[in-house]
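Engineer: Got a structure for you, coords_28.txt, holding compact mmCIF, C-alpha atoms and all ligand atoms.
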```
# COMPACT_ATOMS: atom_id res chain seq x y z
CA MET X 1 72.56 83.03 109.45
CA ALA X 2 70.39 86.11 109.75
CA ARG X 3 70.71 87.87 113.09
CA LYS X 4 67.59 88.62 115.06
CA ALA X 5 66.19 92.06 114.26
CA ILE X 6 66.52 94.72 116.97
CA LEU X 7 63.13 96.40 117.17
CA PRO X 8 61.77 99.64 118.67
CA PRO X 9 61.82 100.86 121.38
CA ALA X 10 65.32 99.40 121.81
CA MET X 11 68.06 101.84 122.85
CA LEU X 12 70.66 102.50 120.13
CA GLY X 13 74.05 104.01 120.92
CA ILE X 14 76.14 106.34 118.79
CA LEU X 15 79.70 107.52 119.26
CA GLY X 16 79.73 111.18 118.26
CA GLY X 17 76.97 113.75 118.44
CA GLY X 18 77.76 116.14 115.57
CA GLN X 19 75.38 116.85 112.69
CA LEU X 20 75.66 113.30 111.36
CA GLY X 21 74.78 111.97 114.80
CA ARG X 22 71.92 114.45 115.02
CA MET X 23 70.39 113.29 111.73
CA PHE X 24 70.92 109.64 112.75
CA THR X 25 69.16 110.37 116.05
CA VAL X 26 66.20 112.00 114.31
CA ALA X 27 65.87 108.99 111.97
CA ALA X 28 66.10 106.48 114.82
CA LYS X 29 63.63 108.41 117.01
CA THR X 30 61.22 108.70 114.09
CA MET X 31 61.31 104.92 113.79
CA GLY X 32 60.53 104.56 117.49
CA TYR X 33 63.96 103.69 118.84
CA ARG X 34 65.61 105.45 121.74
CA VAL X 35 69.10 106.89 121.38
CA THR X 36 72.11 107.37 123.64
CA VAL X 37 74.82 109.71 122.32
CA LEU X 38 78.38 109.73 123.61
CA ASP X 39 80.06 113.07 122.91
CA PRO X 40 82.38 115.17 125.09
CA ASP X 41 80.77 118.42 123.86
CA ALA X 42 78.03 119.64 126.22
CA HIS X 43 76.36 121.32 123.21
CA ALA X 44 76.63 118.35 120.82
CA PRO X 45 74.04 118.85 118.04
CA ALA X 46 72.64 115.32 118.54
CA ALA X 47 71.96 115.96 122.23
CA ASP X 48 68.89 118.08 121.30
CA PHE X 49 67.12 114.89 120.19
CA ALA X 50 68.81 112.04 122.06
CA ASP X 51 67.18 110.38 125.08
CA VAL X 52 70.52 110.21 126.86
CA HIS X 53 73.66 112.28 126.33
CA LEU X 54 76.79 110.83 127.90
CA CYS X 55 79.02 113.88 128.03
CA ALA X 56 82.41 112.17 128.27
CA ALA X 57 85.53 111.33 126.30
CA TYR X 58 85.30 108.59 123.64
CA ASN X 59 87.59 106.37 125.68
CA ASP X 60 85.98 107.05 129.05
CA PRO X 61 85.58 103.58 130.61
CA VAL X 62 82.51 104.48 132.69
CA ALA X 63 80.68 105.98 129.70
CA LEU X 64 81.64 103.04 127.47
CA LYS X 65 80.37 100.59 130.08
CA GLN X 66 77.09 102.51 130.31
CA LEU X 67 76.73 102.34 126.51
CA ALA X 68 77.46 98.62 126.52
CA ASP X 69 75.00 97.96 129.36
CA SER X 70 72.14 100.11 128.08
CA CYS X 71 72.25 99.77 124.28
CA ALA X 72 71.08 96.97 121.99
CA ALA X 73 73.59 98.04 119.30
CA VAL X 74 76.18 100.79 118.82
CA THR X 75 77.37 102.74 115.77
CA THR X 76 79.57 105.77 115.10
CA GLU X 77 79.20 109.04 113.25
CA PHE X 78 82.84 109.94 112.83
CA GLU X 79 86.02 108.10 112.01
CA ASN X 80 88.36 109.58 114.53
CA VAL X 81 86.71 107.89 117.45
CA ASN X 82 89.08 105.59 119.26
CA ALA X 83 88.95 102.28 117.34
CA ASP X 84 89.94 100.47 120.53
CA SER X 85 86.82 101.81 122.25
CA MET X 86 84.80 100.26 119.43
CA ARG X 87 86.64 96.96 119.77
CA TRP X 88 86.02 96.96 123.53
CA LEU X 89 82.32 97.74 123.02
CA ALA X 90 82.08 94.93 120.45
CA GLN X 91 82.86 92.39 123.18
CA HIS X 92 79.63 93.39 124.93
CA VAL X 93 77.19 94.68 122.29
CA PRO X 94 76.89 94.49 118.45
CA VAL X 95 78.94 97.34 116.93
CA SER X 96 78.80 98.44 113.31
CA PRO X 97 80.89 99.31 111.44
CA SER X 98 83.64 97.27 113.10
CA GLY X 99 86.54 98.95 114.89
CA ASP X 100 88.81 97.34 112.29
CA CYS X 101 86.99 99.05 109.41
CA VAL X 102 87.05 102.37 111.25
CA ALA X 103 90.78 101.95 111.89
CA ILE X 104 91.34 101.48 108.15
CA ALA X 105 89.40 104.64 107.30
CA GLN X 106 91.37 106.57 109.95
CA ASP X 107 94.67 106.05 108.21
CA ARG X 108 95.23 107.03 104.57
CA ILE X 109 98.10 104.54 104.21
CA LEU X 110 95.99 101.59 105.39
CA GLU X 111 92.99 102.90 103.48
CA LYS X 112 94.81 103.09 100.15
CA SER X 113 96.40 99.69 100.56
CA TRP X 114 92.95 98.18 101.26
CA ILE X 115 91.46 99.93 98.25
CA ARG X 116 94.15 98.40 96.05
CA LYS X 117 93.76 95.01 97.75
CA ALA X 118 90.08 95.17 96.74
CA GLY X 119 91.25 95.51 93.12
CA LEU X 120 90.38 99.20 92.82
CA GLU X 121 92.49 102.08 91.63
CA THR X 122 93.88 104.97 93.71
CA ALA X 123 95.93 107.97 92.60
CA PRO X 124 99.65 107.09 92.39
CA TYR X 125 100.94 107.57 95.94
CA LEU X 126 103.95 107.01 98.13
CA ALA X 127 103.52 106.18 101.81
CA LEU X 128 105.85 108.32 103.93
CA GLU X 129 105.99 106.53 107.27
CA THR X 130 109.37 107.89 108.31
CA VAL X 131 111.67 110.66 107.11
CA GLU X 132 113.80 108.03 105.27
CA ASP X 133 110.91 107.39 102.87
CA LEU X 134 111.58 110.87 101.46
CA ASN X 135 114.78 109.44 99.92
CA HIS X 136 112.70 107.60 97.31
CA ASP X 137 112.40 109.04 93.83
CA LEU X 138 109.44 111.41 94.39
CA SER X 139 109.10 112.43 90.74
CA PRO X 140 106.29 109.94 89.90
CA TYR X 141 104.14 111.71 92.54
CA LEU X 142 104.84 115.31 91.55
CA PRO X 143 103.24 117.75 91.32
CA GLY X 144 101.37 116.29 94.21
CA ILE X 145 99.54 116.72 97.48
CA LEU X 146 101.13 115.79 100.76
CA LYS X 147 98.41 114.56 103.11
CA THR X 148 98.79 113.57 106.76
CA ALA X 149 97.91 109.90 107.11
CA ARG X 150 95.67 110.61 110.09
CA LEU X 151 93.13 113.21 111.24
CA GLY X 152 92.77 115.10 107.96
CA TYR X 153 89.34 116.37 106.91
CA ASP X 154 87.86 119.19 104.83
CA GLY X 155 91.27 119.73 103.17
CA LYS X 156 93.03 120.12 106.54
CA GLY X 157 96.47 118.52 106.89
CA GLN X 158 97.17 118.88 103.16
CA VAL X 159 99.88 120.78 101.33
CA ARG X 160 100.22 121.07 97.54
CA VAL X 161 103.83 120.60 96.43
CA LYS X 162 105.50 120.97 93.04
CA THR X 163 109.06 119.79 93.69
CA ALA X 164 110.88 117.24 95.87
CA GLU X 165 112.31 120.13 97.92
CA GLU X 166 108.84 121.50 98.57
CA ALA X 167 107.65 118.01 99.53
CA ARG X 168 110.48 117.61 102.05
CA ALA X 169 109.86 121.07 103.53
CA ALA X 170 106.12 120.40 103.78
CA TYR X 171 106.74 117.04 105.45
CA ALA X 172 108.85 118.81 108.09
CA ASP X 173 106.20 121.55 108.47
CA LEU X 174 103.59 118.89 109.17
CA GLY X 175 105.75 117.77 112.07
CA GLY X 176 107.37 114.69 110.52
CA GLN X 177 104.23 112.57 111.05
CA ALA X 178 103.22 109.75 108.69
CA CYS X 179 101.91 111.12 105.39
CA VAL X 180 101.09 110.10 101.85
CA LEU X 181 102.41 111.94 98.84
CA GLU X 182 99.76 111.68 96.20
CA LYS X 183 100.04 112.68 92.57
CA MET X 184 97.83 115.62 91.64
CA LEU X 185 95.38 114.34 89.04
CA PRO X 186 93.49 116.40 86.46
CA LEU X 187 89.92 116.00 87.70
CA VAL X 188 86.93 116.24 85.38
CA CYS X 189 84.70 116.13 88.47
CA GLU X 190 84.26 114.40 91.83
CA VAL X 191 81.50 111.96 92.71
CA SER X 192 80.54 109.84 95.70
CA ALA X 193 78.62 106.61 96.16
CA ILE X 194 77.15 105.66 99.52
CA VAL X 195 76.56 101.98 100.12
CA THR X 196 74.67 100.26 102.94
CA ARG X 197 75.67 96.70 103.72
CA THR X 198 73.87 94.60 106.34
CA SER X 199 74.95 91.70 108.52
CA ALA X 200 72.98 89.44 106.13
CA HIS X 201 75.34 90.73 103.39
CA GLU X 202 72.66 92.60 101.47
CA SER X 203 73.80 95.84 99.82
CA ALA X 204 71.97 98.94 98.59
CA VAL X 205 73.69 101.91 96.94
CA PHE X 206 72.35 105.44 96.69
CA PRO X 207 72.41 107.32 93.38
CA LEU X 208 75.77 108.91 92.62
CA ALA X 209 76.26 112.50 93.84
CA GLU X 210 78.46 114.98 92.01
CA ASN X 211 80.39 117.03 94.53
CA ARG X 212 81.79 120.54 94.17
CA HIS X 213 84.18 121.87 96.79
CA ALA X 214 85.11 125.40 97.81
CA LYS X 215 88.31 125.99 99.81
CA GLY X 216 88.65 122.21 100.33
CA ILE X 217 85.16 121.88 101.86
CA LEU X 218 82.13 120.33 100.20
CA ASP X 219 79.98 123.15 98.85
CA VAL X 220 77.35 121.60 96.62
CA SER X 221 76.16 118.05 95.81
CA ILE X 222 74.16 117.49 92.61
CA VAL X 223 72.02 114.37 92.24
CA PRO X 224 71.85 112.59 89.91
CA ALA X 225 75.50 113.28 89.07
CA GLN X 226 75.89 114.77 85.60
CA VAL X 227 77.92 111.80 84.29
CA ALA X 228 77.29 108.93 81.88
CA PRO X 229 74.89 106.33 83.34
CA GLU X 230 77.53 103.67 82.68
CA LEU X 231 80.05 105.56 84.80
CA ALA X 232 77.51 106.00 87.62
CA ALA X 233 76.75 102.27 87.60
CA ARG X 234 80.46 101.45 87.62
CA ALA X 235 81.10 103.71 90.65
CA GLN X 236 78.18 102.12 92.51
CA GLN X 237 79.53 98.66 91.74
CA MET X 238 83.00 99.68 92.96
CA ALA X 239 81.51 100.89 96.24
CA ILE X 240 79.85 97.50 96.76
CA GLN X 241 83.09 95.72 95.82
CA LEU X 242 84.98 97.68 98.46
CA ALA X 243 82.31 97.11 101.14
CA GLU X 244 82.50 93.38 100.44
CA ALA X 245 86.31 93.32 100.51
CA LEU X 246 86.21 95.02 103.93
CA ASP X 247 83.31 92.83 105.09
CA TYR X 248 81.81 96.17 106.00
CA ILE X 249 78.53 96.40 107.95
CA GLY X 250 76.82 99.79 108.02
CA VAL X 251 76.86 102.86 105.81
CA LEU X 252 80.07 103.43 103.83
CA ALA X 253 80.75 106.55 101.77
CA VAL X 254 83.16 106.23 98.85
CA GLU X 255 84.63 109.33 97.16
CA PHE X 256 85.89 109.11 93.57
CA PHE X 257 87.78 111.29 91.13
CA VAL X 258 86.49 111.23 87.55
CA LEU X 259 89.29 111.64 85.01
CA GLU X 260 89.34 112.24 81.25
CA GLY X 261 87.91 109.26 79.34
CA ASP X 262 85.51 108.46 82.22
CA ALA X 263 88.24 106.77 84.25
CA LEU X 264 87.35 106.40 87.95
CA VAL X 265 89.92 106.63 90.72
CA LEU X 266 88.98 105.99 94.31
CA ASN X 267 89.93 108.92 96.56
CA GLU X 268 88.89 108.06 100.11
CA ILE X 269 86.22 106.42 102.22
CA ALA X 270 84.24 107.40 105.30
CA PRO X 271 82.90 104.67 107.63
CA ARG X 272 79.59 106.50 108.21
CA PRO X 273 76.94 108.57 106.47
CA HIS X 274 78.47 111.42 104.48
CA ASN X 275 77.87 115.11 103.86
CA SER X 276 77.30 114.29 100.17
CA GLY X 277 74.44 111.98 101.24
CA HIS X 278 72.40 114.53 103.22
CA TYR X 279 70.19 114.83 100.13
CA THR X 280 68.83 111.32 100.80
CA ILE X 281 66.69 112.69 103.67
CA ASP X 282 64.67 114.92 101.36
CA ALA X 283 64.91 113.10 98.04
CA CYS X 284 65.15 109.32 98.52
CA VAL X 285 62.78 106.54 99.58
CA THR X 286 65.14 105.81 102.49
CA SER X 287 67.69 108.23 103.98
CA GLN X 288 71.31 107.30 104.67
CA TYR X 289 70.55 107.74 108.38
CA GLU X 290 67.64 105.30 108.28
CA GLN X 291 69.98 102.91 106.46
CA GLN X 292 72.44 103.25 109.35
CA VAL X 293 69.65 102.34 111.78
CA ARG X 294 68.54 99.44 109.60
CA ALA X 295 72.07 98.05 109.24
CA MET X 296 72.82 98.16 112.98
CA CYS X 297 69.43 96.60 113.80
CA HIS X 298 69.86 93.70 111.33
CA LEU X 299 66.95 94.88 109.19
CA HIS X 300 66.93 94.76 105.40
CA PRO X 301 68.29 97.88 103.72
CA GLY X 302 65.57 100.29 102.58
CA LYS X 303 65.16 101.21 98.92
CA PRO X 304 67.73 103.86 97.99
CA ASP X 305 65.79 105.14 94.97
CA LEU X 306 65.78 108.84 94.14
CA LEU X 307 62.32 110.47 94.18
CA SER X 308 63.38 113.76 92.60
CA PRO X 309 66.49 115.47 91.23
CA VAL X 310 68.04 117.44 94.08
CA VAL X 311 70.87 119.81 94.92
CA MET X 312 72.31 120.15 98.42
CA VAL X 313 74.15 123.29 99.51
CA ASN X 314 76.21 123.48 102.71
CA LEU X 315 75.75 126.47 105.00
CA LEU X 316 79.11 127.28 106.56
CA GLY X 317 79.81 129.56 109.51
CA ASP X 318 81.29 132.09 107.07
CA VAL X 319 77.78 133.15 106.07
CA TRP X 320 77.12 134.33 109.60
CA GLN X 321 80.51 135.98 110.06
CA ASP X 322 81.70 137.65 106.87
CA ASP X 323 79.17 140.40 106.37
CA GLY X 324 78.22 140.45 110.02
CA GLY X 325 74.98 139.05 108.69
CA GLU X 326 73.08 135.80 108.64
CA PRO X 327 71.74 133.56 105.92
CA ASN X 328 68.98 135.08 103.87
CA TRP X 329 66.22 133.55 105.99
CA GLU X 330 63.47 135.26 104.05
CA VAL X 331 64.49 133.55 100.82
CA LEU X 332 65.61 130.23 102.37
CA MET X 333 62.49 129.68 104.45
CA GLN X 334 60.08 130.89 101.79
CA ALA X 335 61.38 128.88 98.81
CA PRO X 336 58.60 126.28 98.39
CA ASN X 337 60.91 123.53 97.11
CA ALA X 338 63.85 124.11 99.50
CA HIS X 339 64.32 122.15 102.73
CA LEU X 340 66.41 123.83 105.41
CA HIS X 341 68.36 121.78 107.96
CA LEU X 342 70.17 123.58 110.78
CA TYR X 343 72.37 121.71 113.23
CA GLY X 344 71.76 123.86 116.31
CA LYS X 345 75.43 124.82 116.72
CA LYS X 346 75.80 127.76 119.07
CA GLU X 347 78.89 129.31 117.55
CA ALA X 348 79.45 130.09 113.86
CA ARG X 349 83.10 129.86 112.81
CA PRO X 350 84.53 130.13 109.28
CA GLY X 351 84.48 126.69 107.63
CA ARG X 352 82.22 125.20 110.33
CA LYS X 353 79.26 123.27 108.96
CA MET X 354 76.19 124.96 110.47
CA GLY X 355 73.49 123.50 108.27
CA HIS X 356 72.49 122.73 104.70
CA TYR X 357 69.54 123.04 102.40
CA CYS X 358 68.23 120.89 99.60
CA VAL X 359 66.38 122.13 96.54
CA LEU X 360 64.19 119.68 94.63
CA ALA X 361 63.22 120.33 91.02
CA ASN X 362 62.29 118.50 87.83
CA THR X 363 65.89 118.36 86.60
CA ALA X 364 69.26 118.58 88.32
CA GLU X 365 70.07 121.67 86.19
CA ASP X 366 66.93 123.43 87.45
CA ALA X 367 67.63 122.42 91.03
CA LEU X 368 71.18 123.80 90.72
CA ALA X 369 70.02 127.08 89.20
CA GLN X 370 67.42 127.55 91.94
CA ALA X 371 69.84 126.52 94.70
CA GLU X 372 72.43 129.03 93.45
CA ALA X 373 69.76 131.75 93.27
CA ILE X 374 68.93 131.48 97.00
CA LYS X 375 72.56 131.12 98.14
P1 LIG T 1 89.63 115.34 102.92
O1 LIG T 1 89.82 114.27 103.96
O2 LIG T 1 90.06 116.68 103.40
O3 LIG T 1 88.27 115.32 102.29
P2 LIG T 1 90.59 114.52 100.30
O4 LIG T 1 91.69 113.54 100.09
O5 LIG T 1 89.24 114.10 99.90
O6 LIG T 1 90.70 114.96 101.81
O7 LIG T 1 90.99 115.86 99.54
C1 LIG T 1 90.18 117.01 99.55
C2 LIG T 1 89.98 117.54 98.14
O8 LIG T 1 91.25 117.89 97.55
C3 LIG T 1 89.39 116.52 97.17
O9 LIG T 1 87.99 116.46 97.28
C4 LIG T 1 89.88 117.06 95.84
O10 LIG T 1 89.10 118.17 95.42
C5 LIG T 1 91.27 117.57 96.17
N1 LIG T 1 92.27 116.50 95.92
C6 LIG T 1 92.70 115.60 96.83
N2 LIG T 1 93.59 114.74 96.30
C7 LIG T 1 93.73 115.09 95.01
C8 LIG T 1 94.52 114.58 93.89
N3 LIG T 1 95.32 113.52 94.05
N4 LIG T 1 94.41 115.20 92.69
C9 LIG T 1 93.59 116.28 92.54
N5 LIG T 1 92.82 116.80 93.53
C10 LIG T 1 92.88 116.23 94.76
MG MG T 2 87.44 114.01 100.96
```
Let me see whether you can do it: turn the structure in this file into structure tokens.

Structural biologist:
Amino acid sequence: MARKAILPPAMLGILGGGQLGRMFTVAAKTMGYRVTVLDPDAHAPAADFADVHLCAAYNDPVALKQLADSCAAVTTEFENVNADSMRWLAQHVPVSPSGDCVAIAQDRILEKSWIRKAGLETAPYLALETVEDLNHDLSPYLPGILKTARLGYDGKGQVRVKTAEEARAAYADLGGQACVLEKMLPLVCEVSAIVTRTSAHESAVFPLAENRHAKGILDVSIVPAQVAPELAARAQQMAIQLAEALDYIGVLAVEFFVLEGDALVLNEIAPRPHNSGHYTIDACVTSQYEQQVRAMCHLHPGKPDLLSPVVMVNLLGDVWQDDGGEPNWEVLMQAPNAHLHLYGKKEARPGRKMGHYCVLANTAEDALAQAEAIK
């Protein structure tokens, strides 16, 4: 049965106040909702826009109670929030996605087993839960990448290994924590599909983004992805299939590897809007952040249609640091078809996501050329 819609000016809660929380807050405020952000950082980017900033730990019982008492629904903007906090909140207020889904996305071993359970393909991998698991024949997974099962992001917690000896040494270097050893695949490119699924079990998928990384961090997303339309449709379908298998409610990002022969392998998921979906703010009928609001408020998903080819470029802290300089404001602010988004972070550090810009043009090739020109 359809749940009753939560309407403005209801208070919405979000765990995490980084850039994803900031863009969620802007979307929710634009729609007339109020927002409470829980984030232990006094300078959390979302706090600039939120009505209330609870500056406390994610498992702080007083802050969680205040969220539960004051919000009509609660969501999250990052996966490493305490899943138990989400489960506790869910006893008092609707929470989406569920703590169970977030717990799956927090752990690469669980995540991969769920992906396979949904009938989808992953890279060949071996779960290394204890040191004894290293006694298996590792050769099917080599050369490979050893990834910590938990808390990895932007290429952190990953070591590339060629031999079993290297894999064992890397496992020890990572502190003997649970890991996966994943076979290194020859990638043609990487793409992502972002799906919104509501409590009424309606789904809407955004156009596929093609993602290019630099030093393990997303650098550029190109939309529409430069792949066969059949492949794009298949990836979108797979994202829906996974959301249904997880009984997922909210916005789910699904990252894929594209291999030779247009084979698609599922890499990982994020239980929230995704960096590769920032483009939806400037170039789609509905943004991924509005979809997050709609899903948590039991509204229908908005249309995900693309209004214009677009390229998104991340602005990392390196730009501020390396040459002692700053982004080329003159060019960035003057380009008539570029939209600048800055996250209001006080301190620029190498690899830290400070902002992004989107360039809209008649074709993805044009958008890419123009985006590169103002980099
Ligand atoms: P993160 O959580 O850091 O995003 P990912 O598992 O997505 O971790 O890995 C980061 C990047 O490393 C991927 O986007 C891809 O470029 C590369 N990579 C990861 N796993 C593989 C693999 N099995 N084969 C080839 N490249 C990989
Ligand atoms: Mg990734």

Engineer: Show which residues sit within 9 Å of range 51-61 of chain X, as a list in words. Count only C-alpha atoms, and ignore same-chain residues fewer than 2 positions away.

Structural biologist: Met11, Leu15, Gly16, Gly17, Arg34, Val35, Thr36, Val37, Leu38, Asp39, Pro40, Asp41, Ala42, Ala44, Ala46, Ala47, Asp48, Phe49, Ala63, Leu64, Lys65, Gln66, Leu67, Val81, Asn82, Asp84 and Ser85 of chain X

Engineer: What is the CA of Arg197 in chain X-atom N5 of ligand LIG 1 (chain T) distance in Å, reported with one decimal?

Structural biologist: 28.3 Å

Engineer: Any idea what the distance is between CA of Arg168 in chain X and CA of Lys215 in chain X?

Structural biologist: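 Going from CA of Arg168 in chain X over to CA of Lys215 in chain X covers 23.8 Å.
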
Engineer: Set the distance at 9 Å and use all atoms listed in the file: which residues neighbour Tyr153 in chain X once local chain neighbours fewer than 4 positions away are removed? I'd like the list as a PyMOL selection string.

Structural biologist: chain X and resi 157+216-217

Engineer: Compile a residue-level contact table for chain X against ligand LIG 1 (chain T) at a cut-off of 9 Å, reporting for every qualifying residue the shortest atom pair and its distance in Å to one decimal, with all atoms listed in the file counted, rows ordered by chain and ascending number, as JSON lines.

Structural biologist:
```
{"residue": "X:Arg108", "atom": "CA", "partner": "T:LIG1", "partner_atom": "O4", "distance": 8.7}
{"residue": "X:Thr122", "atom": "CA", "partner": "T:LIG1", "partner_atom": "N3", "distance": 8.7}
{"residue": "X:Ala123", "atom": "CA", "partner": "T:LIG1", "partner_atom": "N3", "distance": 5.8}
{"residue": "X:Pro124", "atom": "CA", "partner": "T:LIG1", "partner_atom": "N3", "distance": 7.9}
{"residue": "X:Tyr125", "atom": "CA", "partner": "T:LIG1", "partner_atom": "N3", "distance": 8.4}
{"residue": "X:Gly144", "atom": "CA", "partner": "T:LIG1", "partner_atom": "N3", "distance": 6.7}
{"residue": "X:Ile145", "atom": "CA", "partner": "T:LIG1", "partner_atom": "N3", "distance": 6.3}
{"residue": "X:Leu146", "atom": "CA", "partner": "T:LIG1", "partner_atom": "N2", "distance": 8.8}
{"residue": "X:Lys147", "atom": "CA", "partner": "T:LIG1", "partner_atom": "O4", "distance": 7.4}
{"residue": "X:Leu151", "atom": "CA", "partner": "T:LIG1", "partner_atom": "O1", "distance": 8.1}
{"residue": "X:Gly152", "atom": "CA", "partner": "T:LIG1", "partner_atom": "O1", "distance": 5.0}
{"residue": "X:Tyr153", "atom": "CA", "partner": "T:LIG1", "partner_atom": "O2", "distance": 3.6}
{"residue": "X:Asp154", "atom": "CA", "partner": "T:LIG1", "partner_atom": "O2", "distance": 3.6}
{"residue": "X:Gly155", "atom": "CA", "partner": "T:LIG1", "partner_atom": "O2", "distance": 3.3}
{"residue": "X:Lys156", "atom": "CA", "partner": "T:LIG1", "partner_atom": "O2", "distance": 5.5}
{"residue": "X:Gly157", "atom": "CA", "partner": "T:LIG1", "partner_atom": "O2", "distance": 7.5}
{"residue": "X:Gln158", "atom": "CA", "partner": "T:LIG1", "partner_atom": "O2", "distance": 7.4}
{"residue": "X:Leu181", "atom": "CA", "partner": "T:LIG1", "partner_atom": "N3", "distance": 8.7}
{"residue": "X:Glu182", "atom": "CA", "partner": "T:LIG1", "partner_atom": "N3", "distance": 5.3}
{"residue": "X:Lys183", "atom": "CA", "partner": "T:LIG1", "partner_atom": "N3", "distance": 5.0}
{"residue": "X:Met184", "atom": "CA", "partner": "T:LIG1", "partner_atom": "N4", "distance": 3.6}
{"residue": "X:Leu185", "atom": "CA", "partner": "T:LIG1", "partner_atom": "N4", "distance": 3.9}
{"residue": "X:Pro186", "atom": "CA", "partner": "T:LIG1", "partner_atom": "C9", "distance": 6.1}
{"residue": "X:Leu187", "atom": "CA", "partner": "T:LIG1", "partner_atom": "C9", "distance": 6.1}
{"residue": "X:Cys189", "atom": "CA", "partner": "T:LIG1", "partner_atom": "O10", "distance": 8.5}
{"residue": "X:Glu190", "atom": "CA", "partner": "T:LIG1", "partner_atom": "O9", "distance": 6.9}
{"residue": "X:Asn211", "atom": "CA", "partner": "T:LIG1", "partner_atom": "O9", "distance": 8.1}
{"residue": "X:Arg212", "atom": "CA", "partner": "T:LIG1", "partner_atom": "O10", "distance": 7.8}
{"residue": "X:His213", "atom": "CA", "partner": "T:LIG1", "partner_atom": "O10", "distance": 6.3}
{"residue": "X:Ala214", "atom": "CA", "partner": "T:LIG1", "partner_atom": "O10", "distance": 8.6}
{"residue": "X:Lys215", "atom": "CA", "partner": "T:LIG1", "partner_atom": "C2", "distance": 8.8}
{"residue": "X:Gly216", "atom": "CA", "partner": "T:LIG1", "partner_atom": "C2", "distance": 5.3}
{"residue": "X:Ile217", "atom": "CA", "partner": "T:LIG1", "partner_atom": "O3", "distance": 7.3}
{"residue": "X:Leu218", "atom": "CA", "partner": "T:LIG1", "partner_atom": "O9", "distance": 7.6}
{"residue": "X:Glu255", "atom": "CA", "partner": "T:LIG1", "partner_atom": "O5", "distance": 7.2}
{"residue": "X:Phe256", "atom": "CA", "partner": "T:LIG1", "partner_atom": "O9", "distance": 8.5}
{"residue": "X:Phe257", "atom": "CA", "partner": "T:LIG1", "partner_atom": "C4", "distance": 7.7}
{"residue": "X:Asn267", "atom": "CA", "partner": "T:LIG1", "partner_atom": "O4", "distance": 6.1}
{"residue": "X:Glu268", "atom": "CA", "partner": "T:LIG1", "partner_atom": "O5", "distance": 6.1}
{"residue": "X:Ile269", "atom": "CA", "partner": "T:LIG1", "partner_atom": "O5", "distance": 8.6}
{"residue": "X:Ala270", "atom": "CA", "partner": "T:LIG1", "partner_atom": "O1", "distance": 9.0}
```

Engineer: Let me make sure I understand: among X:Ser276, X:Ser113, X:Ser203, X:Gln19, which one has the smallest atom-to-atom distance to ligand MG 2 (chain T) if we use all atoms listed in the file?

Structural biologist: X:Ser276

Engineer: Using only C-alpha atoms, can you tell me which of X:Pro45, X:Gly317, X:Gly261, X:Pro143 comes closest to Ala228 in chain X?

Structural biologist: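 Looking at the shortest contact to Ala228 in chain X, the residue is X:Gly261.
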
Engineer: For a quick check of your reading of the model, name the residues lying within 8 Å of the coordinate (84.9, 111.7, 109.3), counting only C-alpha atoms, and write them as a ChimeraX atom specification.

Structural biologist: /X:77-80,153,270-272

Engineer: For Cys297 in chain X, list every protein, DNA or RNA residue within 9 Å, evaluated using only C-alpha atoms, and leave out those in the same chain fewer than 3 positions away; present the list as a list in words.

Structural biologist: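 My reading of the contact set: Arg3, Lys4, Ala5, Ile6, Leu7, Leu12, Ala72, Ala73, Thr198, Gln292, Val293, Arg294 and His300 of chain X.
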
Engineer: Mind pulling up the distance from CA of Ala149 in chain X to CA of Leu264 in chain X?

Structural biologist: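 Between CA of Leu264 in chain X and CA of Ala149 in chain X the gap works out to 22.2 Å.
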